[in-house]
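Okay, input14.txt now, which holds compact mmCIF, N, CA and C atoms:
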# COMPACT_ATOMS: atom_id res chain seq x y z
N MET A 1 4.25 -50.59 -4.58
CA MET A 1 5.01 -50.86 -3.38
C MET A 1 6.46 -50.43 -3.54
N LEU A 2 7.03 -50.69 -4.71
CA LEU A 2 8.41 -50.31 -4.97
C LEU A 2 8.57 -48.80 -4.89
N GLU A 3 7.59 -48.05 -5.40
CA GLU A 3 7.65 -46.58 -5.35
C GLU A 3 7.64 -46.09 -3.90
N THR A 4 6.87 -46.74 -3.05
CA THR A 4 6.81 -46.36 -1.64
C THR A 4 8.16 -46.59 -0.97
N VAL A 5 8.79 -47.71 -1.25
CA VAL A 5 10.10 -48.01 -0.69
C VAL A 5 11.12 -46.98 -1.17
N LYS A 6 11.08 -46.67 -2.46
CA LYS A 6 12.00 -45.67 -3.00
C LYS A 6 11.81 -44.32 -2.29
N TYR A 7 10.55 -43.94 -2.10
CA TYR A 7 10.25 -42.67 -1.42
C TYR A 7 10.82 -42.68 -0.01
N LEU A 8 10.57 -43.76 0.73
CA LEU A 8 11.05 -43.84 2.11
C LEU A 8 12.57 -43.83 2.20
N LEU A 9 13.21 -44.31 1.17
CA LEU A 9 14.68 -44.29 1.15
C LEU A 9 15.23 -42.93 0.72
N GLY A 10 14.34 -42.05 0.28
CA GLY A 10 14.76 -40.71 -0.08
C GLY A 10 15.00 -40.49 -1.55
N SER A 11 14.66 -41.47 -2.39
CA SER A 11 14.84 -41.29 -3.84
C SER A 11 13.98 -40.13 -4.32
N ALA A 12 14.53 -39.36 -5.24
CA ALA A 12 13.81 -38.21 -5.78
C ALA A 12 12.63 -38.68 -6.64
N GLY A 13 11.53 -37.97 -6.52
CA GLY A 13 10.35 -38.23 -7.34
C GLY A 13 10.34 -37.31 -8.54
N PRO A 14 9.20 -37.18 -9.19
CA PRO A 14 9.09 -36.34 -10.39
C PRO A 14 9.49 -34.88 -10.15
N SER A 15 9.31 -34.38 -8.93
CA SER A 15 9.65 -33.00 -8.61
C SER A 15 11.16 -32.80 -8.48
N GLY A 16 11.88 -33.91 -8.35
CA GLY A 16 13.31 -33.81 -8.11
C GLY A 16 13.66 -33.88 -6.64
N PHE A 17 12.64 -34.00 -5.79
CA PHE A 17 12.86 -34.06 -4.35
C PHE A 17 12.27 -35.34 -3.79
N GLY A 18 12.80 -35.77 -2.65
CA GLY A 18 12.32 -36.98 -2.00
C GLY A 18 12.08 -36.74 -0.52
N SER A 19 11.83 -37.79 0.21
CA SER A 19 11.50 -37.69 1.63
C SER A 19 12.65 -37.17 2.47
N LYS A 20 13.84 -37.20 1.95
CA LYS A 20 15.00 -36.71 2.70
C LYS A 20 15.36 -35.27 2.33
N SER A 21 14.62 -34.69 1.38
CA SER A 21 14.87 -33.30 0.98
C SER A 21 14.46 -32.36 2.10
N THR A 22 15.23 -31.30 2.27
CA THR A 22 14.93 -30.31 3.31
C THR A 22 14.18 -29.13 2.69
N ALA A 23 13.56 -28.33 3.55
CA ALA A 23 12.87 -27.12 3.08
C ALA A 23 13.86 -26.17 2.43
N GLU A 24 15.07 -26.13 2.94
CA GLU A 24 16.12 -25.29 2.34
C GLU A 24 16.38 -25.72 0.89
N GLN A 25 16.50 -27.02 0.68
CA GLN A 25 16.77 -27.54 -0.67
C GLN A 25 15.61 -27.27 -1.62
N VAL A 26 14.39 -27.48 -1.14
CA VAL A 26 13.21 -27.33 -1.99
C VAL A 26 13.03 -25.88 -2.43
N THR A 27 13.43 -24.93 -1.58
CA THR A 27 13.22 -23.51 -1.88
C THR A 27 14.46 -22.78 -2.38
N GLU A 28 15.59 -23.46 -2.51
CA GLU A 28 16.82 -22.75 -2.85
C GLU A 28 16.76 -22.03 -4.20
N ASN A 29 15.98 -22.51 -5.14
CA ASN A 29 15.85 -21.81 -6.42
C ASN A 29 14.78 -20.73 -6.38
N ARG A 30 14.12 -20.59 -5.25
CA ARG A 30 13.10 -19.55 -5.05
C ARG A 30 13.56 -18.64 -3.92
N ALA A 31 14.72 -18.04 -4.10
CA ALA A 31 15.34 -17.26 -3.03
C ALA A 31 14.57 -16.00 -2.65
N ASP A 32 13.68 -15.50 -3.52
CA ASP A 32 12.95 -14.29 -3.20
C ASP A 32 11.44 -14.55 -3.22
N LEU A 33 10.88 -14.68 -2.04
CA LEU A 33 9.44 -14.94 -1.91
C LEU A 33 8.72 -13.73 -1.30
N HIS A 34 9.28 -12.52 -1.46
CA HIS A 34 8.70 -11.32 -0.85
C HIS A 34 7.27 -11.04 -1.30
N SER A 35 6.87 -11.54 -2.45
CA SER A 35 5.52 -11.28 -2.94
C SER A 35 4.51 -12.33 -2.46
N ILE A 36 4.95 -13.26 -1.62
CA ILE A 36 4.11 -14.38 -1.19
C ILE A 36 3.62 -14.18 0.24
N THR A 37 2.32 -14.44 0.45
CA THR A 37 1.75 -14.49 1.79
C THR A 37 1.36 -15.94 2.05
N ALA A 38 1.81 -16.48 3.18
CA ALA A 38 1.54 -17.88 3.51
C ALA A 38 0.91 -18.00 4.90
N ILE A 39 -0.17 -18.73 4.97
CA ILE A 39 -0.75 -19.12 6.26
C ILE A 39 -0.25 -20.54 6.52
N ILE A 40 0.38 -20.74 7.68
CA ILE A 40 0.93 -22.06 8.00
C ILE A 40 0.39 -22.50 9.35
N THR A 41 -0.49 -23.51 9.34
CA THR A 41 -0.93 -24.07 10.61
C THR A 41 0.16 -25.03 11.09
N GLY A 42 0.24 -25.23 12.38
CA GLY A 42 1.24 -26.15 12.92
C GLY A 42 2.65 -25.57 12.91
N ALA A 43 2.77 -24.24 12.81
CA ALA A 43 4.08 -23.61 12.69
C ALA A 43 4.79 -23.39 14.02
N THR A 44 4.20 -23.88 15.10
CA THR A 44 4.83 -23.67 16.40
C THR A 44 5.85 -24.75 16.75
N SER A 45 5.88 -25.84 15.97
CA SER A 45 6.86 -26.89 16.25
C SER A 45 7.05 -27.78 15.02
N GLY A 46 8.09 -28.59 15.08
CA GLY A 46 8.33 -29.62 14.07
C GLY A 46 8.43 -29.13 12.64
N ILE A 47 7.82 -29.89 11.74
CA ILE A 47 7.89 -29.59 10.31
C ILE A 47 7.29 -28.22 10.01
N GLY A 48 6.21 -27.87 10.69
CA GLY A 48 5.59 -26.56 10.47
C GLY A 48 6.52 -25.43 10.84
N ALA A 49 7.23 -25.56 11.96
CA ALA A 49 8.17 -24.52 12.39
C ALA A 49 9.32 -24.38 11.40
N GLU A 50 9.82 -25.49 10.91
CA GLU A 50 10.92 -25.45 9.93
C GLU A 50 10.45 -24.85 8.62
N THR A 51 9.25 -25.21 8.19
CA THR A 51 8.70 -24.64 6.97
C THR A 51 8.55 -23.13 7.11
N ALA A 52 8.01 -22.68 8.23
CA ALA A 52 7.83 -21.25 8.48
C ALA A 52 9.18 -20.54 8.50
N ARG A 53 10.17 -21.13 9.14
CA ARG A 53 11.50 -20.52 9.22
C ARG A 53 12.09 -20.31 7.84
N VAL A 54 12.01 -21.34 7.00
CA VAL A 54 12.62 -21.25 5.68
C VAL A 54 11.85 -20.28 4.78
N LEU A 55 10.52 -20.30 4.85
CA LEU A 55 9.76 -19.35 4.04
C LEU A 55 10.05 -17.91 4.47
N ALA A 56 10.19 -17.67 5.77
CA ALA A 56 10.56 -16.33 6.26
C ALA A 56 11.95 -15.96 5.77
N LYS A 57 12.87 -16.90 5.80
CA LYS A 57 14.23 -16.67 5.32
C LYS A 57 14.23 -16.26 3.85
N ARG A 58 13.30 -16.81 3.09
CA ARG A 58 13.18 -16.50 1.66
C ARG A 58 12.36 -15.23 1.41
N GLY A 59 11.82 -14.64 2.50
CA GLY A 59 11.13 -13.36 2.37
C GLY A 59 9.62 -13.39 2.39
N ALA A 60 9.01 -14.54 2.50
CA ALA A 60 7.54 -14.62 2.50
C ALA A 60 6.96 -13.96 3.75
N ARG A 61 5.79 -13.33 3.59
CA ARG A 61 5.03 -12.83 4.73
C ARG A 61 4.30 -14.03 5.31
N LEU A 62 4.41 -14.21 6.63
CA LEU A 62 3.80 -15.38 7.26
C LEU A 62 2.64 -14.99 8.17
N VAL A 63 1.62 -15.81 8.15
CA VAL A 63 0.54 -15.73 9.12
C VAL A 63 0.61 -17.05 9.89
N LEU A 64 0.82 -16.93 11.20
CA LEU A 64 0.94 -18.11 12.04
C LEU A 64 -0.29 -18.21 12.95
N PRO A 65 -1.25 -19.03 12.56
CA PRO A 65 -2.41 -19.24 13.42
C PRO A 65 -2.10 -20.33 14.44
N ALA A 66 -2.63 -20.15 15.65
CA ALA A 66 -2.39 -21.17 16.68
C ALA A 66 -3.44 -21.07 17.78
N ARG A 67 -3.67 -22.20 18.44
CA ARG A 67 -4.55 -22.20 19.63
C ARG A 67 -3.87 -21.46 20.75
N SER A 68 -2.57 -21.68 20.90
CA SER A 68 -1.81 -21.04 21.97
C SER A 68 -1.07 -19.82 21.41
N MET A 69 -1.52 -18.65 21.81
CA MET A 69 -0.86 -17.44 21.33
C MET A 69 0.57 -17.37 21.85
N LYS A 70 0.82 -17.90 23.04
CA LYS A 70 2.19 -17.91 23.57
C LYS A 70 3.09 -18.74 22.68
N ALA A 71 2.64 -19.93 22.28
CA ALA A 71 3.45 -20.79 21.41
C ALA A 71 3.70 -20.10 20.07
N ALA A 72 2.68 -19.42 19.54
CA ALA A 72 2.83 -18.72 18.27
C ALA A 72 3.80 -17.54 18.40
N GLU A 73 3.69 -16.80 19.49
CA GLU A 73 4.62 -15.68 19.71
C GLU A 73 6.05 -16.18 19.90
N ASP A 74 6.20 -17.32 20.58
CA ASP A 74 7.54 -17.92 20.73
C ASP A 74 8.10 -18.35 19.38
N ALA A 75 7.26 -18.94 18.54
CA ALA A 75 7.70 -19.34 17.19
C ALA A 75 8.11 -18.11 16.39
N LYS A 76 7.32 -17.07 16.48
CA LYS A 76 7.64 -15.82 15.79
C LYS A 76 8.99 -15.28 16.27
N ALA A 77 9.20 -15.27 17.57
CA ALA A 77 10.46 -14.76 18.13
C ALA A 77 11.66 -15.56 17.63
N ARG A 78 11.51 -16.89 17.54
CA ARG A 78 12.61 -17.72 17.03
C ARG A 78 12.93 -17.35 15.57
N ILE A 79 11.89 -17.16 14.78
CA ILE A 79 12.09 -16.84 13.37
C ILE A 79 12.71 -15.44 13.24
N VAL A 80 12.19 -14.47 13.98
CA VAL A 80 12.69 -13.10 13.90
C VAL A 80 14.15 -13.02 14.37
N SER A 81 14.53 -13.87 15.31
CA SER A 81 15.93 -13.85 15.77
C SER A 81 16.88 -14.25 14.65
N GLU A 82 16.42 -15.09 13.74
CA GLU A 82 17.24 -15.51 12.60
C GLU A 82 17.01 -14.62 11.38
N CYS A 83 15.78 -14.14 11.22
CA CYS A 83 15.39 -13.33 10.05
C CYS A 83 14.74 -12.05 10.54
N PRO A 84 15.54 -11.07 10.98
CA PRO A 84 14.99 -9.87 11.62
C PRO A 84 14.05 -9.05 10.74
N ASP A 85 14.17 -9.15 9.44
CA ASP A 85 13.32 -8.36 8.55
C ASP A 85 12.02 -9.08 8.17
N SER A 86 11.79 -10.26 8.74
CA SER A 86 10.61 -11.03 8.35
C SER A 86 9.33 -10.37 8.86
N GLU A 87 8.27 -10.55 8.08
CA GLU A 87 6.96 -10.04 8.45
C GLU A 87 6.11 -11.23 8.87
N ILE A 88 5.76 -11.25 10.15
CA ILE A 88 5.02 -12.39 10.70
C ILE A 88 3.84 -11.87 11.50
N ILE A 89 2.68 -12.38 11.17
CA ILE A 89 1.44 -12.02 11.86
C ILE A 89 0.97 -13.26 12.63
N VAL A 90 0.76 -13.09 13.92
CA VAL A 90 0.27 -14.18 14.77
C VAL A 90 -1.22 -13.97 14.99
N MET A 91 -1.98 -15.03 14.78
CA MET A 91 -3.43 -14.95 14.95
C MET A 91 -3.95 -16.18 15.69
N SER A 92 -5.02 -15.97 16.42
CA SER A 92 -5.64 -17.07 17.16
C SER A 92 -6.49 -17.92 16.22
N LEU A 93 -6.37 -19.24 16.36
CA LEU A 93 -7.18 -20.17 15.58
C LEU A 93 -7.21 -21.53 16.25
N ASP A 94 -8.42 -22.02 16.47
CA ASP A 94 -8.62 -23.38 16.96
C ASP A 94 -9.43 -24.11 15.88
N LEU A 95 -8.77 -24.98 15.14
CA LEU A 95 -9.43 -25.66 14.02
C LEU A 95 -10.56 -26.59 14.44
N SER A 96 -10.67 -26.89 15.72
CA SER A 96 -11.78 -27.74 16.18
C SER A 96 -13.04 -26.93 16.45
N SER A 97 -12.96 -25.60 16.29
CA SER A 97 -14.10 -24.72 16.56
C SER A 97 -14.47 -23.94 15.30
N LEU A 98 -15.67 -24.19 14.78
CA LEU A 98 -16.14 -23.47 13.60
C LEU A 98 -16.19 -21.97 13.87
N ASN A 99 -16.57 -21.58 15.07
CA ASN A 99 -16.60 -20.16 15.42
C ASN A 99 -15.20 -19.55 15.34
N SER A 100 -14.20 -20.27 15.83
CA SER A 100 -12.83 -19.79 15.77
C SER A 100 -12.35 -19.66 14.32
N VAL A 101 -12.71 -20.62 13.49
CA VAL A 101 -12.32 -20.59 12.07
C VAL A 101 -12.97 -19.39 11.39
N THR A 102 -14.25 -19.18 11.65
CA THR A 102 -14.98 -18.05 11.06
C THR A 102 -14.35 -16.72 11.49
N THR A 103 -14.02 -16.60 12.76
CA THR A 103 -13.39 -15.38 13.28
C THR A 103 -12.02 -15.17 12.64
N PHE A 104 -11.24 -16.25 12.52
CA PHE A 104 -9.93 -16.16 11.90
C PHE A 104 -10.04 -15.66 10.46
N VAL A 105 -10.95 -16.26 9.70
CA VAL A 105 -11.12 -15.89 8.28
C VAL A 105 -11.52 -14.42 8.17
N ALA A 106 -12.45 -13.97 9.01
CA ALA A 106 -12.88 -12.57 8.97
C ALA A 106 -11.71 -11.64 9.31
N HIS A 107 -10.92 -12.02 10.31
CA HIS A 107 -9.77 -11.20 10.70
C HIS A 107 -8.74 -11.17 9.58
N PHE A 108 -8.44 -12.32 9.00
CA PHE A 108 -7.47 -12.35 7.90
C PHE A 108 -7.97 -11.51 6.73
N HIS A 109 -9.22 -11.68 6.39
CA HIS A 109 -9.81 -10.92 5.27
C HIS A 109 -9.71 -9.41 5.53
N SER A 110 -9.91 -8.99 6.77
CA SER A 110 -9.86 -7.57 7.11
C SER A 110 -8.47 -6.97 6.94
N LEU A 111 -7.44 -7.81 6.91
CA LEU A 111 -6.08 -7.32 6.72
C LEU A 111 -5.82 -6.90 5.28
N GLY A 112 -6.67 -7.36 4.37
CA GLY A 112 -6.53 -6.98 2.96
C GLY A 112 -5.32 -7.59 2.28
N LEU A 113 -4.85 -8.69 2.81
CA LEU A 113 -3.67 -9.35 2.24
C LEU A 113 -4.07 -10.42 1.22
N PRO A 114 -3.25 -10.63 0.22
CA PRO A 114 -3.49 -11.76 -0.68
C PRO A 114 -3.12 -13.05 0.04
N LEU A 115 -3.61 -14.15 -0.43
CA LEU A 115 -3.22 -15.46 0.11
C LEU A 115 -2.67 -16.30 -1.04
N HIS A 116 -1.40 -16.66 -0.94
CA HIS A 116 -0.76 -17.44 -1.99
C HIS A 116 -0.56 -18.90 -1.57
N LEU A 117 -0.26 -19.11 -0.30
CA LEU A 117 -0.02 -20.47 0.21
C LEU A 117 -0.84 -20.68 1.47
N LEU A 118 -1.53 -21.79 1.52
CA LEU A 118 -2.22 -22.21 2.73
C LEU A 118 -1.70 -23.61 3.04
N MET A 119 -0.95 -23.70 4.11
CA MET A 119 -0.32 -24.97 4.47
C MET A 119 -0.91 -25.48 5.77
N TYR A 120 -1.58 -26.63 5.67
CA TYR A 120 -2.14 -27.29 6.84
C TYR A 120 -1.16 -28.39 7.23
N ILE A 121 -0.48 -28.17 8.33
CA ILE A 121 0.50 -29.15 8.80
C ILE A 121 0.00 -29.71 10.12
N HIS A 122 -0.26 -30.99 10.11
CA HIS A 122 -0.77 -31.66 11.30
C HIS A 122 -0.16 -33.05 11.36
N ILE A 123 0.52 -33.32 12.43
CA ILE A 123 1.14 -34.64 12.57
C ILE A 123 0.72 -35.25 13.88
Is it possible to express this structure as structure tokens?
Amino acid sequence: MLETVKYLLGSAGPSGFGSKSTAEQVTENRADLHSITAIITGATSGIGAETARVLAKRGARLVLPARSMKAAEDAKARIVSECPDSEIIVMSLDLSSLNSVTTFVAHFHSLGLPLHLLMYIHI
């Protein structure tokens, strides 16, 4: 219980980061992520959008899957406005549909890209 209270107050854990740490702080020692490909679900808003923004700022190639292609394209535009050299691929994905997941995986696989990070963000 004490550990939970410490976490909620923002005390650093074994990683050196706590609940009040930002994505900028967590990645500041990893300033060059150009060799990383990350799929981030939930990147159209909130924590997912901030995570995508910071990873793009650090140079990671992003794949932004979303049910709403408009929301994903808007998220991409926001990131590109801050990080013009970022590489962002928008793809359709509805995690409630096995057919959509299968199609997404086949499409991603056809791109021939490595996958280093898979972040499922759902709140």
One decimal, Å: what's the distance from atom C of A:Ser96 over to atom N of A:Ala49, could you say? 20.8 Å
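For the set A:Thr102, A:Thr44, A:Ser86, A:Asn29, the residue with the smallest atom-to-atom gap to A:Ala72 is A:Thr44, counting only N, CA and C atoms.
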Rounded to one decimal in Å, what is the spacing between atom CA of A:Ala66 and atom CA of A:Ser45?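 One can read the atom CA of A:Ala66 to atom CA of A:Ser45 distance as 10.9 Å.
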Figure out the distance between atom CA of A:Val63 and atom CA of A:Val101, please, to one decimal in Å.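 So the two atoms, atom CA of A:Val101 and atom CA of A:Val63, lie 14.1 Å apart.
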Test item, strand (DSSP E) assignment across stretch 36-89 of chain A, answer as a short mmCIF file (atom, residue, chain, number, x, y, z; two decimals) with N, CA and C atoms, in the coordinates of the input:
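File produced: selection.cif:
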data_model
loop_
_atom_site.label_atom_id
_atom_site.label_comp_id
_atom_site.auth_asym_id
_atom_site.auth_seq_id
_atom_site.Cartn_x
_atom_site.Cartn_y
_atom_site.Cartn_z
N THR A 37 2.32 -14.44 0.45
CA THR A 37 1.75 -14.49 1.79
C THR A 37 1.36 -15.94 2.05
N ALA A 38 1.81 -16.48 3.18
CA ALA A 38 1.54 -17.88 3.51
C ALA A 38 0.91 -18.00 4.90
N ILE A 39 -0.17 -18.73 4.97
CA ILE A 39 -0.75 -19.12 6.26
C ILE A 39 -0.25 -20.54 6.52
N ILE A 40 0.38 -20.74 7.68
CA ILE A 40 0.93 -22.06 8.00
C ILE A 40 0.39 -22.50 9.35
N THR A 41 -0.49 -23.51 9.34
CA THR A 41 -0.93 -24.07 10.61
C THR A 41 0.16 -25.03 11.09
N ARG A 61 5.79 -13.33 3.59
CA ARG A 61 5.03 -12.83 4.73
C ARG A 61 4.30 -14.03 5.31
N LEU A 62 4.41 -14.21 6.63
CA LEU A 62 3.80 -15.38 7.26
C LEU A 62 2.64 -14.99 8.17
N VAL A 63 1.62 -15.81 8.15
CA VAL A 63 0.54 -15.73 9.12
C VAL A 63 0.61 -17.05 9.89
N LEU A 64 0.82 -16.93 11.20
CA LEU A 64 0.94 -18.11 12.04
C LEU A 64 -0.29 -18.21 12.95
N PRO A 65 -1.25 -19.03 12.56
CA PRO A 65 -2.41 -19.24 13.42
C PRO A 65 -2.10 -20.33 14.44
N ALA A 66 -2.63 -20.15 15.65
CA ALA A 66 -2.39 -21.17 16.68
C ALA A 66 -3.44 -21.07 17.78
N ILE A 88 5.76 -11.25 10.15
CA ILE A 88 5.02 -12.39 10.70
C ILE A 88 3.84 -11.87 11.50
N ILE A 89 2.68 -12.38 11.17
CA ILE A 89 1.44 -12.02 11.86
C ILE A 89 0.97 -13.26 12.63
#
Which one of A:Ser35, A:Ser81, A:Ser92, A:Thr41 sits closest to A:Met119 if you count all atoms listed in the file? A:Thr41
Nearby residues (only C-alpha atoms) at most 10 Å from A:Val26, same-chain spacing under 2 positions excluded, as a list in words: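 Residues meeting the cut-off are Ser15, Gly16, Phe17, Gly18, Ser21, Thr22, Ala23, Glu24, Glu28, Asn29, Arg30 and Val54 of chain A.
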My list of candidates is A:Ala52, A:Leu8, A:Leu118, A:Gly46. Which is closest to A:Ile79 when distances are computed with only N, CA and C atoms?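 Ranked by minimum distance to A:Ile79, first place goes to A:Ala52.
Between A:Ala71 and the residues A:His122, A:Phe108, A:Ala43, A:Met1, the shortest atom-to-atom distance, using all atoms listed in the file, involves A:Ala43.
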